[in-house]
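Enquirer: After the structure tokens below, expect a handful of questions from me.
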Amino acid sequence: MSTVDLASVSVRDLNSRLHALPPGTNERHWRIVNPKGEHAIAAGLTLPLEVEIEGHTGYYCAGMNKAATVIINGHAGQGVAENIMSGEVRVKGNASQSAAASGQGGLVVIEGDASARCGISMKGVDIVVGGSVGHMSAFMAQSGHLVVCGDAGPSLGDSIYEAILYVQGKVESLGADCIEKEMTPAHAKTLRDLLARAGIKADPKRFRRYGSARKLYNFHVDHADAY
Amino acid sequence: MCGIVGLFFKNPALQSELGRHVQAMLIGMTDRGPDSAGIAVYHRPAGPGRSKLTLFHPDPQYRWREVGGALGEAFDAEVDVEHKSNHAVVIVAAPEDKARAWLHRHHPEIRIMGYGQLMEVYKDMGLPAEVADKYGLASMEGTHAIGHTRMATESAVTTEHSHPFTAAADMCLVHNGSLSNHNNLRKWLRKRGLEFETDNDSEVAARYFAYRLSEGATLAEALEAGLKDLDGFFTFTMGTRDGFAVLRDAIACKPAVLAETDDWVAMASEFRSLANLPGVDKAKIWEPEPAVVYTWSLPKAA
């Protein structure tokens, strides 16, 4: 295990070291101390590393993550795991706005709450939130799953495409074209698997499923010529 | 883009450390605002029957002694002038509004940055570290302080356009964001007799809240009213003589983090500025909810 102290090493130097590792490296376990809210910690990883961060992170932590597992033992600032491609990012505390924004794959687990715009424009990532999410979560969500064990704020899933949302608690309001849908046994199984992968205990039977009504302009075949 | 910070001590034993911590917080927001910086510090009281004014003139050699002397003569009152670079803190044994009116009439070249009993306001161009240094922020004691770092995107980098904005005695506001109805609101406030010094939207917000407070609203009521009347993006942090408040608009695009311990409450645009506060490891840390008013006040003087 290599430990990097951000009190004495810059984030740029840390990230350069992580980016320079060759495939098949033995230096797979990294521990980062004193993050103190710095931005872009462990962003752009492309190898199956395991990076554990002891403290609160700033913007874009583990952004663009591919293959690596990044664990934040604290809160995460805006855009944690934005554009994640694969691998896993786990926040033990709360996450600020736009967690997992535009994520294309992989798993993002937020054990606490996520604030506004969680999963905005998600494109295939699976997100499991142990607590609640803020307003406009899953805005224009294209694919992937968002699981919320607590409540969802206003305008959940506004202008959603094909992403699937599961919420256990109260939904303050649904956004344009987002509706409640039937929880089939197949959906219940997907949800059970997601909760198991995230290591979060919850009863899938207590969740409701939400998705696209496919009624917005862009879904009408009459408008196909417009593009 | 801008950075804002605020620190409010619940435990009076910490007051001697205020400047040191606020300086570190302000410097933490350098990336968000390297063009200019401003601070309002609730420092030592001027004393009974006295008022405190923070004044600005771009010339660091400005004849502050002479002006102070004339002010004293005009009111037949004792005047104390502390000159710090292009600012001066003037304590005069006269009502603050009368002293301001005199300065306005006789020295229109002087800009009044802040006034009241406690508050001192310093703003200047340059990196936050340079601005903090210039006015000796690190050694200032007090109960609370608010700071702003500015990255100008739409208007000139000048001292006038820097925050905090003052609109009443011992009241100041810092703002990250932009208001879309500031022209209408300015008109509305002008009809009610308020005067404006700049075309800045944040000044409108400051005067709006001052107006609500002058109508008798509590700090929380003034901010609640602001949620209805102010349209646009904002994270505000506001200081009054004995109060500290944070408010974000309902869309909450502009960032904010709060941290609280038994000893203090701190606000910053980003956690970076809170990371070195004493006891932050045990602090409750959260993102203020959209359209929720947060206020704290000092206990009544013991």
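Identifiers in the structure tokens: chain A, B, ... in order shown; residue index from 1 per chain; ligand index from 1 in order shown.
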Find the residues in chain A near chain B: any atom within 10 Å counts, using only C-alpha atoms. Write them as a PyMOL selection string.

Expert: chain A and resi 34-39+55-59+75-78+94-97+114-117+134-136

Enquirer: Would you write out those residues with N, CA and C atoms, as a compact mmCIF listing (two decimals), in the first residue's frame?

Expert:
```txt
# COMPACT_ATOMS: atom_id res chain seq x y z
N ASN A 34 -5.21 13.69 4.06
CA ASN A 34 -5.31 15.16 3.98
C ASN A 34 -5.84 15.69 2.65
N PRO A 35 -6.96 15.16 2.16
CA PRO A 35 -7.50 15.68 0.89
C PRO A 35 -7.98 17.13 1.02
N LYS A 36 -8.51 17.50 2.20
CA LYS A 36 -8.90 18.88 2.51
C LYS A 36 -9.68 19.59 1.42
N GLY A 37 -10.54 18.87 0.76
CA GLY A 37 -11.43 19.51 -0.21
C GLY A 37 -10.78 19.88 -1.53
N GLU A 38 -9.60 19.34 -1.81
CA GLU A 38 -8.94 19.64 -3.09
C GLU A 38 -9.74 19.04 -4.24
N HIS A 39 -9.61 19.66 -5.40
CA HIS A 39 -10.38 19.23 -6.57
C HIS A 39 -9.67 18.10 -7.34
N GLY A 55 -10.90 11.47 4.19
CA GLY A 55 -11.33 12.85 4.44
C GLY A 55 -12.26 13.32 3.34
N HIS A 56 -12.56 14.64 3.37
CA HIS A 56 -13.53 15.20 2.43
C HIS A 56 -12.83 15.65 1.15
N THR A 57 -13.50 15.42 0.02
CA THR A 57 -12.89 15.78 -1.26
C THR A 57 -13.63 16.96 -1.88
N GLY A 58 -12.96 17.67 -2.78
CA GLY A 58 -13.56 18.80 -3.49
C GLY A 58 -14.26 18.33 -4.76
N TYR A 59 -14.22 19.17 -5.78
CA TYR A 59 -14.96 18.89 -7.01
C TYR A 59 -14.33 17.71 -7.79
N HIS A 75 -17.05 13.26 3.01
CA HIS A 75 -18.02 13.81 2.08
C HIS A 75 -17.32 14.12 0.75
N ALA A 76 -18.12 14.19 -0.32
CA ALA A 76 -17.55 14.52 -1.63
C ALA A 76 -18.17 15.80 -2.15
N GLY A 77 -17.36 16.63 -2.78
CA GLY A 77 -17.85 17.88 -3.37
C GLY A 77 -18.55 17.63 -4.69
N GLN A 78 -18.82 18.69 -5.42
CA GLN A 78 -19.59 18.61 -6.67
C GLN A 78 -18.97 17.64 -7.67
N ASN A 94 -21.74 12.21 2.58
CA ASN A 94 -22.70 12.78 1.63
C ASN A 94 -21.97 13.25 0.38
N ALA A 95 -22.73 13.43 -0.69
CA ALA A 95 -22.15 13.96 -1.92
C ALA A 95 -22.87 15.25 -2.29
N SER A 96 -22.13 16.20 -2.81
CA SER A 96 -22.72 17.46 -3.26
C SER A 96 -23.39 17.26 -4.62
N GLN A 97 -23.67 18.37 -5.29
CA GLN A 97 -24.42 18.34 -6.55
C GLN A 97 -23.79 17.48 -7.64
N ALA A 114 -27.24 12.53 -1.32
CA ALA A 114 -26.68 13.27 -2.46
C ALA A 114 -27.54 14.50 -2.63
N SER A 115 -26.95 15.63 -3.01
CA SER A 115 -27.78 16.83 -3.14
C SER A 115 -28.31 16.92 -4.57
N ALA A 116 -28.56 18.12 -5.03
CA ALA A 116 -29.28 18.32 -6.30
C ALA A 116 -28.58 17.65 -7.48
N ARG A 117 -29.38 17.31 -8.49
CA ARG A 117 -28.88 16.89 -9.80
C ARG A 117 -28.05 15.61 -9.75
N GLY A 134 -31.40 15.36 -3.91
CA GLY A 134 -31.98 16.70 -4.03
C GLY A 134 -32.76 16.87 -5.32
N HIS A 135 -33.09 18.15 -5.61
CA HIS A 135 -33.95 18.44 -6.75
C HIS A 135 -33.28 18.13 -8.09
N MET A 136 -34.10 17.90 -9.10
CA MET A 136 -33.66 17.66 -10.48
C MET A 136 -32.71 16.47 -10.61
```

Enquirer: If you run DSSP on the backbone here, which positions in region 23-226 of chain A get alpha helix (DSSP H)? Please write them as a list in words.

Expert: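 Across region 23-226 of chain A, those assigned alpha helix (DSSP H) are Pro185, Ala186, His187, Ala188, Lys189, Thr190, Leu191, Arg192, Asp193, Leu194, Leu195, Ala196, Arg197 and Ala198 of chain A.
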
Enquirer: Restrict the selected residues to N, CA and C atoms and save them as a CSV table (one decimal), in the first residue's frame.

Expert:
```csv
chain,number,residue,atom,x,y,z
A,185,PRO,N,-41.4,-8.5,-11.6
A,185,PRO,CA,-40.4,-9.3,-10.9
A,185,PRO,C,-39.0,-9.1,-11.4
A,186,ALA,N,-38.9,-8.8,-12.7
A,186,ALA,CA,-37.6,-8.6,-13.3
A,186,ALA,C,-36.9,-7.3,-12.8
A,187,HIS,N,-37.8,-6.3,-12.6
A,187,HIS,CA,-37.3,-5.0,-12.0
A,187,HIS,C,-36.9,-5.2,-10.6
A,188,ALA,N,-37.7,-6.0,-9.8
A,188,ALA,CA,-37.4,-6.2,-8.4
A,188,ALA,C,-36.0,-7.0,-8.3
A,189,LYS,N,-35.8,-7.9,-9.3
A,189,LYS,CA,-34.5,-8.6,-9.2
A,189,LYS,C,-33.3,-7.7,-9.5
A,190,THR,N,-33.5,-6.8,-10.5
A,190,THR,CA,-32.4,-5.8,-10.9
A,190,THR,C,-32.1,-5.0,-9.6
A,191,LEU,N,-33.2,-4.5,-9.0
A,191,LEU,CA,-33.0,-3.7,-7.8
A,191,LEU,C,-32.3,-4.5,-6.7
A,192,ARG,N,-32.7,-5.7,-6.4
A,192,ARG,CA,-32.1,-6.5,-5.4
A,192,ARG,C,-30.6,-6.7,-5.7
A,193,ASP,N,-30.3,-6.9,-6.9
A,193,ASP,CA,-28.9,-7.1,-7.3
A,193,ASP,C,-28.1,-5.8,-7.1
A,194,LEU,N,-28.7,-4.7,-7.5
A,194,LEU,CA,-28.0,-3.4,-7.3
A,194,LEU,C,-27.7,-3.1,-5.8
A,195,LEU,N,-28.7,-3.3,-5.0
A,195,LEU,CA,-28.6,-3.1,-3.5
A,195,LEU,C,-27.5,-4.0,-3.0
A,196,ALA,N,-27.4,-5.3,-3.5
A,196,ALA,CA,-26.4,-6.2,-3.0
A,196,ALA,C,-25.0,-5.8,-3.5
A,197,ARG,N,-24.9,-5.3,-4.7
A,197,ARG,CA,-23.6,-4.8,-5.2
A,197,ARG,C,-23.2,-3.6,-4.4
A,198,ALA,N,-24.1,-2.8,-4.0
A,198,ALA,CA,-23.8,-1.6,-3.3
A,198,ALA,C,-23.5,-1.9,-1.8
```

Enquirer: Enumerate the residues of region 20-246 of chain B with a DSSP assignment of strand (DSSP E), computed from the backbone, and present them as a PDB file with C-alpha atoms, in the first residue's frame.

Expert:
```pdb
ATOM      1  CA  SER B  36     -10.006  41.299  -5.820  1.00  0.00           C
ATOM      2  CA  ALA B  37     -11.053  40.534  -2.295  1.00  0.00           C
ATOM      3  CA  GLY B  38     -13.044  42.122   0.486  1.00  0.00           C
ATOM      4  CA  ILE B  39     -13.652  41.498   4.151  1.00  0.00           C
ATOM      5  CA  ALA B  40     -15.986  42.791   6.815  1.00  0.00           C
ATOM      6  CA  VAL B  41     -14.805  42.189  10.359  1.00  0.00           C
ATOM      7  CA  TYR B  42     -16.961  42.701  13.455  1.00  0.00           C
ATOM      8  CA  SER B  51     -19.377  55.598  15.630  1.00  0.00           C
ATOM      9  CA  LYS B  52     -16.929  53.855  13.396  1.00  0.00           C
ATOM     10  CA  LEU B  53     -16.504  54.487   9.679  1.00  0.00           C
ATOM     11  CA  THR B  54     -14.265  52.663   7.235  1.00  0.00           C
ATOM     12  CA  LEU B  55     -13.245  55.040   4.456  1.00  0.00           C
ATOM     13  CA  PHE B  56     -11.458  54.563   1.156  1.00  0.00           C
ATOM     14  CA  VAL B  79     -11.742  61.756  16.341  1.00  0.00           C
ATOM     15  CA  ASP B  80      -9.432  58.800  16.084  1.00  0.00           C
ATOM     16  CA  VAL B  81      -7.978  57.932  12.673  1.00  0.00           C
ATOM     17  CA  GLU B  82      -6.247  54.649  11.916  1.00  0.00           C
ATOM     18  CA  HIS B  83      -4.693  54.712   8.455  1.00  0.00           C
ATOM     19  CA  LYS B  84      -4.230  51.361   6.671  1.00  0.00           C
ATOM     20  CA  HIS B  87      -8.316  52.766   3.808  1.00  0.00           C
ATOM     21  CA  ALA B  88      -8.823  54.596   7.078  1.00  0.00           C
ATOM     22  CA  VAL B  89     -10.875  53.622  10.076  1.00  0.00           C
ATOM     23  CA  VAL B  90     -12.301  56.718  11.701  1.00  0.00           C
ATOM     24  CA  ILE B  91     -13.891  56.667  15.141  1.00  0.00           C
ATOM     25  CA  VAL B  92     -15.811  59.809  15.941  1.00  0.00           C
ATOM     26  CA  ARG B 111     -15.857  56.358  -0.464  1.00  0.00           C
ATOM     27  CA  ILE B 112     -17.570  55.103   2.693  1.00  0.00           C
ATOM     28  CA  MET B 113     -16.997  51.352   2.813  1.00  0.00           C
ATOM     29  CA  GLY B 114     -18.806  50.596   6.045  1.00  0.00           C
ATOM     30  CA  TYR B 115     -20.140  52.189   9.186  1.00  0.00           C
ATOM     31  CA  GLY B 116     -21.639  51.371  12.535  1.00  0.00           C
ATOM     32  CA  MET B 119     -17.856  46.577  11.573  1.00  0.00           C
ATOM     33  CA  GLU B 120     -14.777  47.427   9.522  1.00  0.00           C
ATOM     34  CA  VAL B 121     -14.777  46.795   5.774  1.00  0.00           C
ATOM     35  CA  TYR B 122     -11.719  46.458   3.570  1.00  0.00           C
ATOM     36  CA  LYS B 123     -11.743  45.777  -0.153  1.00  0.00           C
ATOM     37  CA  ASP B 124      -9.074  46.012  -2.771  1.00  0.00           C
ATOM     38  CA  MET B 125      -7.778  44.576  -5.993  1.00  0.00           C
ATOM     39  CA  HIS B 144     -17.562  37.308  13.217  1.00  0.00           C
ATOM     40  CA  ALA B 145     -16.311  38.160   9.759  1.00  0.00           C
ATOM     41  CA  ILE B 146     -17.373  37.750   6.160  1.00  0.00           C
ATOM     42  CA  GLY B 147     -15.184  37.683   3.089  1.00  0.00           C
ATOM     43  CA  HIS B 148     -15.417  37.606  -0.681  1.00  0.00           C
ATOM     44  CA  THR B 149     -12.979  36.793  -3.464  1.00  0.00           C
ATOM     45  CA  ARG B 150     -13.922  37.974  -6.930  1.00  0.00           C
ATOM     46  CA  PHE B 165     -21.726  45.568   0.264  1.00  0.00           C
ATOM     47  CA  THR B 166     -22.899  47.646   3.182  1.00  0.00           C
ATOM     48  CA  ALA B 167     -26.375  49.088   3.331  1.00  0.00           C
ATOM     49  CA  ALA B 168     -26.951  49.847   7.003  1.00  0.00           C
ATOM     50  CA  MET B 171     -24.695  45.243   8.155  1.00  0.00           C
ATOM     51  CA  CYS B 172     -22.993  43.698   5.175  1.00  0.00           C
ATOM     52  CA  LEU B 173     -23.657  41.176   2.439  1.00  0.00           C
ATOM     53  CA  VAL B 174     -21.568  39.034   0.129  1.00  0.00           C
ATOM     54  CA  HIS B 175     -23.114  37.439  -2.915  1.00  0.00           C
ATOM     55  CA  ASN B 176     -22.121  34.704  -5.319  1.00  0.00           C
ATOM     56  CA  GLY B 177     -24.450  34.723  -8.298  1.00  0.00           C
ATOM     57  CA  SER B 178     -26.430  37.209 -10.335  1.00  0.00           C
ATOM     58  CA  LEU B 179     -29.869  38.735  -9.935  1.00  0.00           C
ATOM     59  CA  GLY B 232     -31.866  35.045  -9.886  1.00  0.00           C
ATOM     60  CA  PHE B 233     -28.960  33.005  -8.688  1.00  0.00           C
ATOM     61  CA  PHE B 234     -27.558  33.596  -5.279  1.00  0.00           C
ATOM     62  CA  THR B 235     -25.691  32.270  -2.360  1.00  0.00           C
ATOM     63  CA  PHE B 236     -25.686  35.068   0.214  1.00  0.00           C
ATOM     64  CA  THR B 237     -23.843  35.399   3.461  1.00  0.00           C
ATOM     65  CA  MET B 238     -24.874  38.313   5.596  1.00  0.00           C
ATOM     66  CA  GLY B 239     -23.570  39.834   8.798  1.00  0.00           C
ATOM     67  CA  GLY B 243     -26.211  37.988  13.546  1.00  0.00           C
ATOM     68  CA  PHE B 244     -24.939  35.778  10.771  1.00  0.00           C
ATOM     69  CA  ALA B 245     -27.037  34.356   7.945  1.00  0.00           C
ATOM     70  CA  VAL B 246     -26.761  32.158   4.862  1.00  0.00           C
TER      71      VAL B 246
END
```

Enquirer: What is the CA of Asp31 (chain B)-CA of Ile110 (chain A) distance in Å, reported with one decimal?

Expert: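 Between CA of Asp31 (chain B) and CA of Ile110 (chain A) the gap is 27.4 Å.
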
Enquirer: Skipping near chain neighbours, those fewer than 6 positions away, what residues fall within 10 Å of Asn11 (chain B) using only C-alpha atoms, listed as a list in words?

Expert: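 Non-adjacent residues within range: Thr143, Thr261, Asp262, Asp263, Trp264 and Leu298 of chain B.
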
Enquirer: I'd like the contact shell of Cys118 (chain A) - 6 Å cut-off, only C-alpha atoms, skipping same-chain residues fewer than 5 positions apart - returned as an mmCIF file with N, CA, C and O atoms, in the first residue's frame.

Expert:
```cif
data_model
loop_
_atom_site.group_PDB
_atom_site.id
_atom_site.type_symbol
_atom_site.label_atom_id
_atom_site.label_comp_id
_atom_site.auth_asym_id
_atom_site.auth_seq_id
_atom_site.Cartn_x
_atom_site.Cartn_y
_atom_site.Cartn_z
ATOM 1 N N SER A 98 -24.647 17.039 -8.540
ATOM 2 C CA SER A 98 -24.215 16.430 -9.798
ATOM 3 C C SER A 98 -23.328 15.204 -9.596
ATOM 4 O O SER A 98 -22.380 14.996 -10.356
ATOM 5 N N ALA A 99 -23.625 14.409 -8.590
ATOM 6 C CA ALA A 99 -22.862 13.173 -8.395
ATOM 7 C C ALA A 99 -23.102 12.257 -9.599
ATOM 8 O O ALA A 99 -24.218 12.144 -10.096
ATOM 9 N N SER A 137 -32.845 15.483 -9.743
ATOM 10 C CA SER A 137 -31.994 14.310 -9.907
ATOM 11 C C SER A 137 -32.456 13.523 -11.124
ATOM 12 O O SER A 137 -33.628 13.550 -11.501
#
```

Enquirer: Neighbouring residues of region 159-165 of chain A were defined as those with any atom within 10 Å, considering only C-alpha atoms; residues of the same chain fewer than 6 positions away were excluded. Please report them as a short mmCIF file (atom, residue, chain, number, x, y, z; two decimals) with N, CA, C and O atoms, in the first residue's frame.

Expert:
```cif
data_model
loop_
_atom_site.label_atom_id
_atom_site.label_comp_id
_atom_site.auth_asym_id
_atom_site.auth_seq_id
_atom_site.Cartn_x
_atom_site.Cartn_y
_atom_site.Cartn_z
N GLY A 119 -26.98 12.16 -10.72
CA GLY A 119 -27.23 11.37 -11.92
C GLY A 119 -27.73 12.17 -13.10
O GLY A 119 -28.34 11.62 -14.02
N ILE A 120 -27.47 13.47 -13.12
CA ILE A 120 -27.91 14.29 -14.24
C ILE A 120 -27.26 13.77 -15.53
O ILE A 120 -26.07 13.46 -15.55
N SER A 121 -28.08 13.57 -16.56
CA SER A 121 -27.59 13.11 -17.86
C SER A 121 -26.85 11.78 -17.79
O SER A 121 -25.94 11.52 -18.57
N MET A 122 -27.24 10.93 -16.84
CA MET A 122 -26.55 9.64 -16.71
C MET A 122 -26.77 8.79 -17.96
O MET A 122 -27.85 8.81 -18.57
N LYS A 123 -25.72 8.10 -18.38
CA LYS A 123 -25.75 7.39 -19.66
C LYS A 123 -25.37 5.94 -19.48
O LYS A 123 -24.68 5.37 -20.32
N GLY A 124 -25.75 5.31 -18.38
CA GLY A 124 -25.45 3.90 -18.22
C GLY A 124 -24.88 3.53 -16.87
O GLY A 124 -24.79 2.37 -16.51
N VAL A 125 -24.52 4.55 -16.08
CA VAL A 125 -23.98 4.28 -14.75
C VAL A 125 -25.10 3.76 -13.84
O VAL A 125 -26.27 4.09 -14.04
N ASP A 126 -24.73 2.95 -12.85
CA ASP A 126 -25.66 2.56 -11.80
C ASP A 126 -25.30 3.35 -10.54
O ASP A 126 -24.14 3.37 -10.12
N ILE A 127 -26.31 4.00 -9.96
CA ILE A 127 -26.07 4.84 -8.78
C ILE A 127 -26.96 4.33 -7.66
O ILE A 127 -28.17 4.14 -7.86
N MET A 136 -34.10 17.90 -9.10
CA MET A 136 -33.66 17.66 -10.48
C MET A 136 -32.71 16.47 -10.61
O MET A 136 -31.87 16.44 -11.51
N SER A 137 -32.84 15.48 -9.74
CA SER A 137 -31.99 14.31 -9.91
C SER A 137 -32.46 13.52 -11.12
O SER A 137 -33.63 13.55 -11.50
N ALA A 138 -31.49 12.84 -11.78
CA ALA A 138 -31.75 12.07 -13.00
C ALA A 138 -32.37 12.94 -14.10
O ALA A 138 -33.12 12.45 -14.94
N PHE A 139 -32.04 14.22 -14.14
CA PHE A 139 -32.49 15.11 -15.21
C PHE A 139 -31.91 14.61 -16.54
O PHE A 139 -30.72 14.37 -16.66
N MET A 140 -32.77 14.40 -17.53
CA MET A 140 -32.37 13.92 -18.85
C MET A 140 -31.55 12.62 -18.77
O MET A 140 -30.64 12.40 -19.58
N ALA A 141 -31.89 11.80 -17.82
CA ALA A 141 -31.15 10.55 -17.63
C ALA A 141 -31.41 9.61 -18.81
O ALA A 141 -32.57 9.34 -19.14
N GLN A 142 -30.36 9.13 -19.44
CA GLN A 142 -30.53 8.37 -20.68
C GLN A 142 -30.56 6.87 -20.48
O GLN A 142 -31.38 6.17 -21.04
N SER A 143 -29.63 6.35 -19.67
CA SER A 143 -29.75 4.93 -19.31
C SER A 143 -29.00 4.68 -18.02
O SER A 143 -28.30 5.56 -17.50
N GLY A 144 -29.14 3.45 -17.50
CA GLY A 144 -28.57 3.13 -16.19
C GLY A 144 -29.66 3.16 -15.14
O GLY A 144 -30.85 3.31 -15.46
N HIS A 145 -29.25 3.00 -13.87
CA HIS A 145 -30.22 2.93 -12.78
C HIS A 145 -29.84 3.90 -11.68
O HIS A 145 -28.67 4.04 -11.36
N LEU A 146 -30.85 4.53 -11.12
CA LEU A 146 -30.64 5.34 -9.92
C LEU A 146 -31.53 4.77 -8.82
O LEU A 146 -32.75 4.71 -8.97
N VAL A 147 -30.90 4.32 -7.73
CA VAL A 147 -31.62 3.77 -6.59
C VAL A 147 -31.51 4.75 -5.44
O VAL A 147 -30.40 5.15 -5.07
N VAL A 148 -32.64 5.17 -4.90
CA VAL A 148 -32.64 6.12 -3.79
C VAL A 148 -33.35 5.46 -2.61
O VAL A 148 -34.55 5.19 -2.66
N LEU A 174 -42.46 14.70 -9.51
CA LEU A 174 -41.83 14.13 -10.70
C LEU A 174 -41.67 15.23 -11.74
O LEU A 174 -42.53 16.09 -11.87
N GLY A 175 -40.56 15.18 -12.48
CA GLY A 175 -40.33 16.17 -13.53
C GLY A 175 -41.15 15.84 -14.77
O GLY A 175 -41.88 14.84 -14.82
N ALA A 176 -41.01 16.69 -15.79
CA ALA A 176 -41.78 16.52 -17.02
C ALA A 176 -41.52 15.15 -17.63
O ALA A 176 -40.37 14.72 -17.75
N ASP A 177 -42.59 14.46 -17.96
CA ASP A 177 -42.54 13.18 -18.67
C ASP A 177 -42.01 12.02 -17.82
O ASP A 177 -41.76 10.94 -18.33
N CYS A 178 -41.85 12.21 -16.53
CA CYS A 178 -41.43 11.10 -15.67
C CYS A 178 -42.67 10.58 -14.94
O CYS A 178 -43.45 11.37 -14.39
N ILE A 179 -42.87 9.28 -14.97
CA ILE A 179 -44.07 8.70 -14.35
C ILE A 179 -43.69 7.47 -13.51
O ILE A 179 -42.61 6.90 -13.69
N GLU A 180 -44.61 7.10 -12.63
CA GLU A 180 -44.41 5.85 -11.90
C GLU A 180 -44.76 4.68 -12.82
O GLU A 180 -45.69 4.77 -13.63
N LYS A 181 -43.99 3.62 -12.72
CA LYS A 181 -44.21 2.46 -13.57
C LYS A 181 -44.31 1.20 -12.70
O LYS A 181 -43.87 1.20 -11.56
N HIS A 187 -37.78 -6.25 -12.61
CA HIS A 187 -37.26 -5.01 -12.03
C HIS A 187 -36.86 -5.22 -10.58
O HIS A 187 -35.83 -4.69 -10.13
N LEU A 191 -33.20 -4.53 -8.96
CA LEU A 191 -33.02 -3.68 -7.77
C LEU A 191 -32.31 -4.45 -6.66
O LEU A 191 -31.38 -3.93 -6.03
N PHE A 207 -39.78 -0.33 -2.55
CA PHE A 207 -39.43 0.71 -3.54
C PHE A 207 -40.51 0.85 -4.61
O PHE A 207 -41.26 -0.09 -4.88
N ARG A 208 -40.57 2.02 -5.22
CA ARG A 208 -41.40 2.24 -6.40
C ARG A 208 -40.47 2.54 -7.57
O ARG A 208 -39.37 3.06 -7.38
N ARG A 209 -40.97 2.23 -8.76
CA ARG A 209 -40.14 2.44 -9.96
C ARG A 209 -40.69 3.63 -10.76
O ARG A 209 -41.90 3.80 -10.89
N TYR A 210 -39.78 4.42 -11.30
CA TYR A 210 -40.16 5.57 -12.13
C TYR A 210 -39.36 5.54 -13.43
O TYR A 210 -38.23 5.05 -13.47
N GLY A 211 -39.97 6.07 -14.47
CA GLY A 211 -39.27 6.11 -15.76
C GLY A 211 -39.99 7.04 -16.71
O GLY A 211 -40.89 7.81 -16.32
N SER A 212 -39.63 6.94 -17.99
CA SER A 212 -40.14 7.89 -18.98
C SER A 212 -41.53 7.50 -19.48
O SER A 212 -41.79 6.34 -19.78
N ALA A 213 -42.41 8.49 -19.62
CA ALA A 213 -43.72 8.26 -20.23
C ALA A 213 -43.58 8.28 -21.76
O ALA A 213 -44.51 7.91 -22.47
N ARG A 214 -42.45 8.72 -22.24
CA ARG A 214 -42.15 8.80 -23.69
C ARG A 214 -43.21 9.61 -24.43
O ARG A 214 -43.70 9.24 -25.47
N LYS A 215 -43.54 10.76 -23.85
CA LYS A 215 -44.56 11.61 -24.45
C LYS A 215 -43.99 12.96 -24.91
O LYS A 215 -44.69 13.76 -25.51
N LEU A 216 -42.75 13.23 -24.59
CA LEU A 216 -42.19 14.52 -24.98
C LEU A 216 -41.99 14.56 -26.49
O LEU A 216 -41.93 13.53 -27.16
N ASN A 218 -39.61 14.83 -28.54
CA ASN A 218 -38.60 14.02 -29.24
C ASN A 218 -38.99 12.55 -29.37
O ASN A 218 -38.40 11.81 -30.14
N PHE A 219 -40.02 12.11 -28.62
CA PHE A 219 -40.43 10.72 -28.70
C PHE A 219 -41.48 10.51 -29.80
O PHE A 219 -41.82 9.38 -30.12
#
```

Enquirer: Find the residues around Ser173 (chain A) up to 9 Å (only C-alpha atoms counted), leave out those fewer than 3 positions away in its own chain, and share them as a PyMOL selection string.

Expert: chain A and resi 135+152-156+170

Enquirer: So that I have them on file, write out the residues from the current selection with C-alpha atoms, as an mmCIF file, in the first residue's frame.

Expert:
```
data_model
loop_
_atom_site.group_PDB
_atom_site.id
_atom_site.type_symbol
_atom_site.label_atom_id
_atom_site.label_comp_id
_atom_site.auth_asym_id
_atom_site.auth_seq_id
_atom_site.Cartn_x
_atom_site.Cartn_y
_atom_site.Cartn_z
ATOM 1 C CA HIS A 135 -33.953 18.441 -6.753
ATOM 2 C CA ALA A 152 -36.214 12.382 -3.785
ATOM 3 C CA GLY A 153 -36.468 16.178 -4.086
ATOM 4 C CA PRO A 154 -38.566 18.121 -6.596
ATOM 5 C CA SER A 155 -38.630 17.311 -10.343
ATOM 6 C CA LEU A 156 -37.189 13.830 -10.228
ATOM 7 C CA LYS A 170 -41.280 10.024 -0.800
#
```

Enquirer: May I ask for the distance between CA of Gly150 (chain A) and CA of Gly87 (chain A), given in Å to one decimal place?

Expert: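 Spanning CA of Gly150 (chain A) to CA of Gly87 (chain A) is a straight-line distance of 24.3 Å.
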
Enquirer: Calculate how many Å separate CA of Ala220 (chain B) from CA of Tyr294 (chain B), rounding to one decimal.

Expert: 7.5 Å
